[in-house]
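> Contents are mmCIF, C-alpha atoms; file name model_26.cif:
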data_query
#
loop_
_atom_site.label_atom_id
_atom_site.label_comp_id
_atom_site.auth_asym_id
_atom_site.auth_seq_id
_atom_site.Cartn_x
_atom_site.Cartn_y
_atom_site.Cartn_z
CA MET A 430 13.15 6.93 7.83
CA PHE A 431 9.63 5.70 7.04
CA ASP A 432 6.80 4.45 9.27
CA VAL A 433 4.52 2.16 7.26
CA ALA A 434 1.88 2.02 10.02
CA VAL A 435 1.56 5.81 10.18
CA PHE A 436 1.45 6.05 6.39
CA GLY A 437 -1.18 3.31 6.04
CA SER A 438 -3.37 4.67 8.82
CA LEU A 439 -3.52 8.24 7.48
CA PHE A 440 -3.80 7.14 3.84
CA LEU A 441 -6.79 4.89 4.59
CA THR A 442 -8.41 7.59 6.73
CA LEU A 443 -8.07 10.18 3.97
CA PHE A 444 -9.19 7.67 1.32
CA VAL A 445 -12.43 7.08 3.21
CA ILE A 446 -13.01 10.79 3.89
CA MET A 447 -12.00 12.17 0.47
CA ASP A 448 -13.55 9.15 -1.30
CA PRO A 449 -11.93 9.04 -4.79
CA PRO A 450 -14.58 6.64 -6.23
CA GLY A 451 -17.42 8.76 -4.84
CA ILE A 452 -16.00 11.99 -6.24
CA THR A 453 -16.10 10.61 -9.79
CA PRO A 454 -19.82 11.20 -10.59
CA ILE A 455 -19.71 14.64 -8.94
CA PHE A 456 -16.64 15.59 -10.98
CA LEU A 457 -18.30 14.34 -14.17
CA ALA A 458 -21.46 16.33 -13.42
CA LEU A 459 -19.60 19.56 -12.67
CA THR A 460 -17.30 19.37 -15.69
CA ALA A 461 -19.73 18.01 -18.30
CA GLY A 462 -19.79 19.81 -21.64
CA ARG A 463 -16.27 21.20 -21.46
CA PRO A 464 -13.37 20.28 -23.77
CA ALA A 465 -11.28 17.32 -22.60
CA ARG A 466 -8.23 19.53 -22.10
CA THR A 467 -10.21 21.88 -19.85
CA GLN A 468 -11.57 18.97 -17.83
CA LYS A 469 -8.08 17.55 -17.30
CA ARG A 470 -6.82 20.96 -16.26
CA MET A 471 -9.68 21.32 -13.78
CA ALA A 472 -8.91 17.91 -12.28
CA PHE A 473 -5.30 19.00 -11.77
CA GLN A 474 -6.34 22.40 -10.38
CA ALA A 475 -8.80 20.84 -7.93
CA VAL A 476 -6.14 18.46 -6.60
CA CYS A 477 -3.62 21.31 -6.31
CA VAL A 478 -6.12 23.46 -4.41
CA ALA A 479 -6.99 20.57 -2.08
CA GLY A 480 -3.30 19.79 -1.57
CA GLY A 481 -2.51 23.42 -0.84
CA VAL A 482 -5.33 23.75 1.70
CA ILE A 483 -4.41 20.46 3.39
CA THR A 484 -0.74 21.46 3.53
CA VAL A 485 -1.47 24.88 5.05
CA PHE A 486 -3.76 23.41 7.69
CA GLY A 487 -1.31 20.58 8.37
CA LEU A 488 1.40 23.12 9.12
CA LEU A 489 -0.64 25.93 10.70
CA GLY A 490 -4.10 24.46 11.34
CA HIS A 491 -4.48 25.11 15.05
CA GLN A 492 -3.00 28.59 14.81
CA ILE A 493 -5.35 29.55 11.96
CA LEU A 494 -8.50 28.26 13.68
CA ASN A 495 -7.54 29.81 17.02
CA TYR A 496 -6.68 33.16 15.41
CA LEU A 497 -10.05 33.28 13.62
CA HIS A 498 -11.86 31.91 16.70
CA VAL A 499 -13.41 29.22 14.49
CA SER A 500 -14.29 25.84 15.94
CA VAL A 501 -14.15 22.58 14.00
CA PRO A 502 -17.97 22.12 14.20
CA ALA A 503 -18.44 25.63 12.73
CA LEU A 504 -16.11 24.66 9.88
CA MET A 505 -18.15 21.51 9.29
CA ILE A 506 -21.49 23.36 9.23
CA ALA A 507 -20.19 26.06 6.89
CA GLY A 508 -18.76 23.44 4.53
CA GLY A 509 -22.05 21.53 4.62
CA LEU A 510 -24.08 24.62 3.72
CA LEU A 511 -21.75 25.40 0.83
CA LEU A 512 -22.05 21.85 -0.52
CA LEU A 513 -25.83 21.99 -0.16
CA LEU A 514 -26.03 25.09 -2.38
CA ILE A 515 -23.96 23.33 -5.07
CA ALA A 516 -26.09 20.19 -4.74
CA LEU A 517 -29.32 22.16 -5.25
CA ASP A 518 -27.89 23.66 -8.45
CA LEU A 519 -27.05 20.18 -9.75
CA LEU A 520 -30.51 18.84 -8.88
CA THR A 521 -32.35 21.73 -10.53
CA GLY A 522 -30.00 22.03 -13.50
CA LYS A 523 -29.09 25.64 -12.70
CA THR A 524 -25.46 25.35 -13.72
CA ASP A 525 -25.42 27.65 -16.76
CA GLU A 526 -22.95 30.23 -15.50
CA PRO A 527 -20.48 32.07 -17.73
CA LYS A 528 -17.93 29.51 -18.81
CA GLN A 529 -14.75 31.16 -17.53
CA THR A 530 -16.23 31.84 -14.11
CA LYS A 531 -17.62 28.35 -14.00
CA ASP A 532 -14.23 26.82 -14.80
CA VAL A 533 -12.53 28.65 -11.96
CA ASN A 534 -15.33 28.06 -9.45
CA VAL A 535 -15.61 24.34 -10.07
CA ALA A 536 -11.89 23.74 -9.65
CA LEU A 537 -11.72 25.82 -6.48
CA VAL A 538 -15.23 25.38 -5.07
CA PRO A 539 -16.68 22.83 -4.54
CA LEU A 540 -14.08 20.37 -5.91
CA GLY A 541 -10.90 21.66 -4.29
CA MET A 542 -12.70 22.75 -1.14
CA PRO A 543 -14.82 21.63 0.62
CA LEU A 544 -15.35 18.36 -1.31
CA LEU A 545 -11.74 17.18 -1.31
CA ALA A 546 -10.18 19.36 1.37
CA GLY A 547 -13.21 19.30 3.66
CA PRO A 548 -13.37 19.62 7.44
CA GLY A 549 -12.90 15.88 7.96
CA ALA A 550 -9.71 15.75 5.92
CA ILE A 551 -8.39 18.96 7.46
CA VAL A 552 -8.95 17.76 11.03
CA SER A 553 -7.45 14.34 10.27
CA VAL A 554 -4.29 15.93 8.88
CA ILE A 555 -3.98 18.40 11.77
CA LEU A 556 -4.19 15.53 14.28
CA ALA A 557 -1.83 13.29 12.30
CA VAL A 558 0.84 16.00 12.08
CA GLN A 559 0.52 16.69 15.81
CA LYS A 560 0.84 13.01 16.75
CA ALA A 561 3.79 12.35 14.43
CA ASP A 562 6.85 12.15 16.68
CA GLY A 563 10.18 12.09 14.93
CA ALA A 564 11.34 12.52 11.36
CA ALA A 565 10.17 9.09 10.17
CA ALA A 566 6.59 9.70 11.31
CA GLN A 567 6.53 13.18 9.77
CA VAL A 568 7.83 11.86 6.44
CA SER A 569 5.19 9.11 6.52
CA VAL A 570 2.38 11.61 7.21
CA TRP A 571 3.32 13.87 4.31
CA ALA A 572 3.92 10.88 2.03
CA ALA A 573 0.37 9.68 2.78
CA ILE A 574 -1.02 13.15 2.00
CA LEU A 575 0.86 13.22 -1.32
CA ALA A 576 -0.21 9.67 -2.20
CA ILE A 577 -3.94 10.30 -1.67
CA HIS A 578 -3.78 13.42 -3.85
CA VAL A 579 -2.11 11.44 -6.64
CA VAL A 580 -4.91 8.86 -6.38
CA LEU A 581 -7.54 11.62 -6.50
CA TRP A 582 -5.97 13.17 -9.60
CA LEU A 583 -5.74 9.83 -11.42
CA THR A 584 -9.34 8.99 -10.51
CA MET A 585 -10.74 12.27 -11.81
CA ARG A 586 -8.52 12.40 -14.89
CA TYR A 587 -9.46 8.95 -16.13
CA SER A 588 -13.11 9.25 -15.13
CA LEU A 589 -13.41 11.50 -18.20
CA LEU A 590 -13.43 8.34 -20.32
CA ILE A 591 -16.86 7.60 -18.84
CA ILE A 592 -18.32 10.72 -20.50
CA ARG A 593 -17.47 9.35 -23.94
CA VAL A 594 -19.49 6.22 -23.18
CA ILE A 595 -22.59 7.66 -21.48
CA LYS A 596 -23.09 10.64 -23.87
CA ASP A 597 -25.31 13.67 -23.10
CA GLY A 598 -28.30 11.74 -21.72
CA GLY A 599 -26.08 9.87 -19.33
CA VAL A 600 -24.44 13.10 -18.21
CA VAL A 601 -27.84 14.54 -17.22
CA LEU A 602 -28.59 11.38 -15.22
CA VAL A 603 -25.18 11.46 -13.56
CA THR A 604 -25.68 15.15 -12.73
CA ARG A 605 -28.96 14.48 -10.93
CA LEU A 606 -27.50 11.47 -9.07
CA ALA A 607 -24.46 13.54 -8.11
CA GLY A 608 -26.77 16.26 -6.80
CA MET A 609 -28.59 13.74 -4.61
CA MET A 610 -25.33 12.28 -3.30
CA LEU A 611 -23.85 15.71 -2.68
CA SER A 612 -26.96 16.92 -0.84
CA ALA A 613 -26.83 13.85 1.41
CA ILE A 614 -23.12 14.46 2.12
CA ALA A 615 -23.88 18.12 2.87
CA VAL A 616 -26.76 17.37 5.26
CA GLN A 617 -24.71 14.71 7.06
CA GLN A 618 -21.84 17.17 7.47
CA ILE A 619 -24.20 19.78 8.92
CA ILE A 620 -25.70 17.17 11.28
CA ASN A 621 -22.21 16.15 12.44
CA GLY A 622 -21.30 19.75 13.09
CA VAL A 623 -24.50 20.50 15.02
CA THR A 624 -24.10 17.27 17.02
CA GLN A 625 -20.59 18.29 18.07
CA VAL A 626 -21.85 21.74 19.08
CA VAL A 627 -24.62 20.19 21.21
CA ARG A 628 -22.24 17.70 22.84
CA GLY A 629 -19.71 20.44 23.47
CA GLY A 630 -22.38 22.62 25.00
#
Will you turn the file into structure tokens for me?


Amino acid sequence: MFDVAVFGSLFLTLFVIMDPPGITPIFLALTAGRPARTQKRMAFQAVCVAGGVITVFGLLGHQILNYLHVSVPALMIAGGLLLLLIALDLLTGKTDEPKQTKDVNVALVPLGMPLLAGPGAIVSVILAVQKADGAAAQVSVWAAILAIHVVLWLTMRYSLLIIRVIKDGGVVLVTRLAGMMLSAIAVQQIINGVTQVVRGG
């Protein structure tokens, strides 16, 4: 009742797309200055949000996109623009929002979506669920989705130890680096979306 090949293929695909090591500096930058308990809660919330979005699209992805008349390239471009706005805030240091609002926003946007549950991950899961024939393949697909979210949670939760080492000056540096990385990811996502639109046209 388990297909190792299906599990391995989807897990590796999602690992590359969701990039647990790459999310670490971005998570540190977005959660810097908060109590450790709040940071751990935000890591858990972000993974839950990503898991919820991935699950919904895995089950109802095509129906949702068709109902809204939204194409995958449009989803990619919108996600890229959203990430770009967050990246500009990190680069310029304009992250001093009210704390409660900031807590909620960071866990939901951009961490939960579109950073973790971005267009690439959503499309990969939609295709994997569609291609999974039989109970064993379906179990393997959902096991891979669960496994990658556990990895993401562990990565973010234990990345908090880094903050204790690098102190405030290091956090500022990490924030600027994260902004640069995030802006590059955002621009690439927009380029990919526009490229698909042009090819489709």

> Once the PyMOL selection byres ((chain A and resi 567) around 10) is applied to the coordinates I shared, what remains selected? I want it as a PyMOL selection string.

chain A and resi 430-432+435-436+557-566+568-573

> Considering only C-alpha atoms, can you say which of A:Ile620, A:Val594, A:Ile452, A:Ala458 comes closest to Gly522 in chain A?

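Among the listed residues, the smallest separation from Gly522 in chain A belongs to A:Ala458.
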
> Figure out the distance between CA of Ile555 in chain A and CA of Phe444 in chain A, please, to one decimal in Å.

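CA of Ile555 in chain A lies 15.9 Å from CA of Phe444 in chain A.
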
> Residues within 12 Å of Gly547 in chain A, please, as a VMD selection string. Count all atoms listed in the file; anything in the same chain fewer than 3 positions from it doesn't count.

chain A and resid 443 446 to 448 478 to 480 482 to 483 486 501 to 502 504 to 509 511 to 512 538 to 544 550 to 554 614 to 615 618

> Would you work out the distance separating CA of Val616 in chain A from CA of Leu517 in chain A, expressed in Å to one decimal?

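Interatomic distance, CA of Val616 in chain A to CA of Leu517 in chain A: 11.8 Å.
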
> Grab the CA of Leu545 in chain A to CA of Gly608 in chain A distance for me, in Å with one decimal place.

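CA of Gly608 in chain A lies at a distance of 16.0 Å from CA of Leu545 in chain A.
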
> Using all atoms listed in the file, which residue out of A:Ala607, A:Leu589, A:Val445, A:Ile515 lies closest to Arg466 in chain A?

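Selected residue with least distance to Arg466 in chain A: A:Leu589.
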
> Quick one: apply the PyMOL selection byres ((chain A and resi 592) around 10) to the file and drop the selected residues here as a ChimeraX atom specification.

/A:457-458,460-462,465,588-591,593-597,599-600,603

> Given the choices A:Met471, A:Val499, A:Ala546, A:Val433, which gets closest to Val485 in chain A if the distance is worked out from only C-alpha atoms?

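Nearest to Val485 in chain A: A:Ala546.
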
> List every protein, DNA or RNA residue with an atom no more than 12 Å from (-33.7, 21.4, -10.0) in the file's coordinates, counting all atoms listed in the file, and format the result as an MDAnalysis selection string.

chainID A and resid 514:524 601 604:606 608:609

> Mind completing range 451-475 of chain A with N, CA, C and O atoms? Output as an mmCIF file, keeping the file's coordinate frame, please?


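New file selection.cif:
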data_model
loop_
_atom_site.group_PDB
_atom_site.id
_atom_site.type_symbol
_atom_site.label_atom_id
_atom_site.label_comp_id
_atom_site.auth_asym_id
_atom_site.auth_seq_id
_atom_site.Cartn_x
_atom_site.Cartn_y
_atom_site.Cartn_z
ATOM 1 N N GLY A 451 -16.193 7.978 -4.996
ATOM 2 C CA GLY A 451 -17.420 8.760 -4.840
ATOM 3 C C GLY A 451 -17.356 10.126 -5.480
ATOM 4 O O GLY A 451 -18.388 10.711 -5.839
ATOM 5 N N ILE A 452 -16.136 10.659 -5.649
ATOM 6 C CA ILE A 452 -16.000 11.990 -6.240
ATOM 7 C C ILE A 452 -16.185 11.938 -7.748
ATOM 8 O O ILE A 452 -16.471 12.961 -8.388
ATOM 9 N N THR A 453 -16.054 10.748 -8.334
ATOM 10 C CA THR A 453 -16.100 10.610 -9.790
ATOM 11 C C THR A 453 -17.402 11.143 -10.407
ATOM 12 O O THR A 453 -17.353 11.984 -11.317
ATOM 13 N N PRO A 454 -18.594 10.682 -9.967
ATOM 14 C CA PRO A 454 -19.820 11.200 -10.590
ATOM 15 C C PRO A 454 -20.020 12.694 -10.358
ATOM 16 O O PRO A 454 -20.563 13.395 -11.230
ATOM 17 N N ILE A 455 -19.569 13.205 -9.221
ATOM 18 C CA ILE A 455 -19.710 14.640 -8.940
ATOM 19 C C ILE A 455 -18.791 15.433 -9.873
ATOM 20 O O ILE A 455 -19.186 16.456 -10.437
ATOM 21 N N PHE A 456 -17.578 14.940 -10.061
ATOM 22 C CA PHE A 456 -16.640 15.590 -10.980
ATOM 23 C C PHE A 456 -17.186 15.583 -12.403
ATOM 24 O O PHE A 456 -17.136 16.597 -13.107
ATOM 25 N N LEU A 457 -17.737 14.446 -12.823
ATOM 26 C CA LEU A 457 -18.300 14.340 -14.170
ATOM 27 C C LEU A 457 -19.461 15.315 -14.353
ATOM 28 O O LEU A 457 -19.599 15.944 -15.394
ATOM 29 N N ALA A 458 -20.302 15.432 -13.327
ATOM 30 C CA ALA A 458 -21.460 16.330 -13.420
ATOM 31 C C ALA A 458 -21.026 17.792 -13.505
ATOM 32 O O ALA A 458 -21.573 18.575 -14.284
ATOM 33 N N LEU A 459 -20.018 18.164 -12.720
ATOM 34 C CA LEU A 459 -19.600 19.560 -12.670
ATOM 35 C C LEU A 459 -18.771 19.989 -13.875
ATOM 36 O O LEU A 459 -18.678 21.182 -14.175
ATOM 37 N N THR A 460 -18.170 19.019 -14.570
ATOM 38 C CA THR A 460 -17.300 19.370 -15.690
ATOM 39 C C THR A 460 -17.886 18.972 -17.040
ATOM 40 O O THR A 460 -17.230 19.117 -18.071
ATOM 41 N N ALA A 461 -19.115 18.474 -17.049
ATOM 42 C CA ALA A 461 -19.730 18.010 -18.300
ATOM 43 C C ALA A 461 -19.842 19.155 -19.305
ATOM 44 O O ALA A 461 -20.111 20.302 -18.943
ATOM 45 N N GLY A 462 -19.628 18.838 -20.579
ATOM 46 C CA GLY A 462 -19.790 19.810 -21.640
ATOM 47 C C GLY A 462 -18.566 20.649 -21.936
ATOM 48 O O GLY A 462 -18.581 21.482 -22.849
ATOM 49 N N ARG A 463 -17.497 20.446 -21.211
ATOM 50 C CA ARG A 463 -16.270 21.200 -21.460
ATOM 51 C C ARG A 463 -15.304 20.379 -22.322
ATOM 52 O O ARG A 463 -15.374 19.155 -22.335
ATOM 53 N N PRO A 464 -14.378 21.019 -23.008
ATOM 54 C CA PRO A 464 -13.370 20.280 -23.770
ATOM 55 C C PRO A 464 -12.538 19.386 -22.857
ATOM 56 O O PRO A 464 -12.346 19.712 -21.676
ATOM 57 N N ALA A 465 -12.051 18.276 -23.404
ATOM 58 C CA ALA A 465 -11.280 17.320 -22.600
ATOM 59 C C ALA A 465 -10.069 17.984 -21.946
ATOM 60 O O ALA A 465 -9.751 17.703 -20.787
ATOM 61 N N ARG A 466 -9.417 18.874 -22.673
ATOM 62 C CA ARG A 466 -8.230 19.530 -22.100
ATOM 63 C C ARG A 466 -8.611 20.380 -20.891
ATOM 64 O O ARG A 466 -7.892 20.399 -19.879
ATOM 65 N N THR A 467 -9.747 21.061 -20.973
ATOM 66 C CA THR A 467 -10.210 21.880 -19.850
ATOM 67 C C THR A 467 -10.557 21.006 -18.653
ATOM 68 O O THR A 467 -10.227 21.339 -17.502
ATOM 69 N N GLN A 468 -11.204 19.887 -18.912
ATOM 70 C CA GLN A 468 -11.570 18.970 -17.830
ATOM 71 C C GLN A 468 -10.326 18.432 -17.118
ATOM 72 O O GLN A 468 -10.279 18.353 -15.890
ATOM 73 N N LYS A 469 -9.315 18.064 -17.903
ATOM 74 C CA LYS A 469 -8.080 17.550 -17.300
ATOM 75 C C LYS A 469 -7.389 18.634 -16.478
ATOM 76 O O LYS A 469 -6.861 18.365 -15.395
ATOM 77 N N ARG A 470 -7.420 19.858 -16.999
ATOM 78 C CA ARG A 470 -6.820 20.960 -16.260
ATOM 79 C C ARG A 470 -7.556 21.209 -14.948
ATOM 80 O O ARG A 470 -6.941 21.461 -13.908
ATOM 81 N N MET A 471 -8.885 21.109 -14.991
ATOM 82 C CA MET A 471 -9.680 21.320 -13.780
ATOM 83 C C MET A 471 -9.425 20.238 -12.750
ATOM 84 O O MET A 471 -9.392 20.503 -11.548
ATOM 85 N N ALA A 472 -9.243 18.996 -13.206
ATOM 86 C CA ALA A 472 -8.910 17.910 -12.280
ATOM 87 C C ALA A 472 -7.603 18.209 -11.574
ATOM 88 O O ALA A 472 -7.480 18.052 -10.356
ATOM 89 N N PHE A 473 -6.609 18.668 -12.337
ATOM 90 C CA PHE A 473 -5.300 19.000 -11.770
ATOM 91 C C PHE A 473 -5.413 20.188 -10.814
ATOM 92 O O PHE A 473 -4.835 20.186 -9.722
ATOM 93 N N GLN A 474 -6.169 21.217 -11.224
ATOM 94 C CA GLN A 474 -6.340 22.400 -10.380
ATOM 95 C C GLN A 474 -7.018 22.051 -9.062
ATOM 96 O O GLN A 474 -6.612 22.528 -8.002
ATOM 97 N N ALA A 475 -8.060 21.217 -9.146
ATOM 98 C CA ALA A 475 -8.800 20.840 -7.930
ATOM 99 C C ALA A 475 -7.888 20.118 -6.951
ATOM 100 O O ALA A 475 -7.924 20.387 -5.742
#
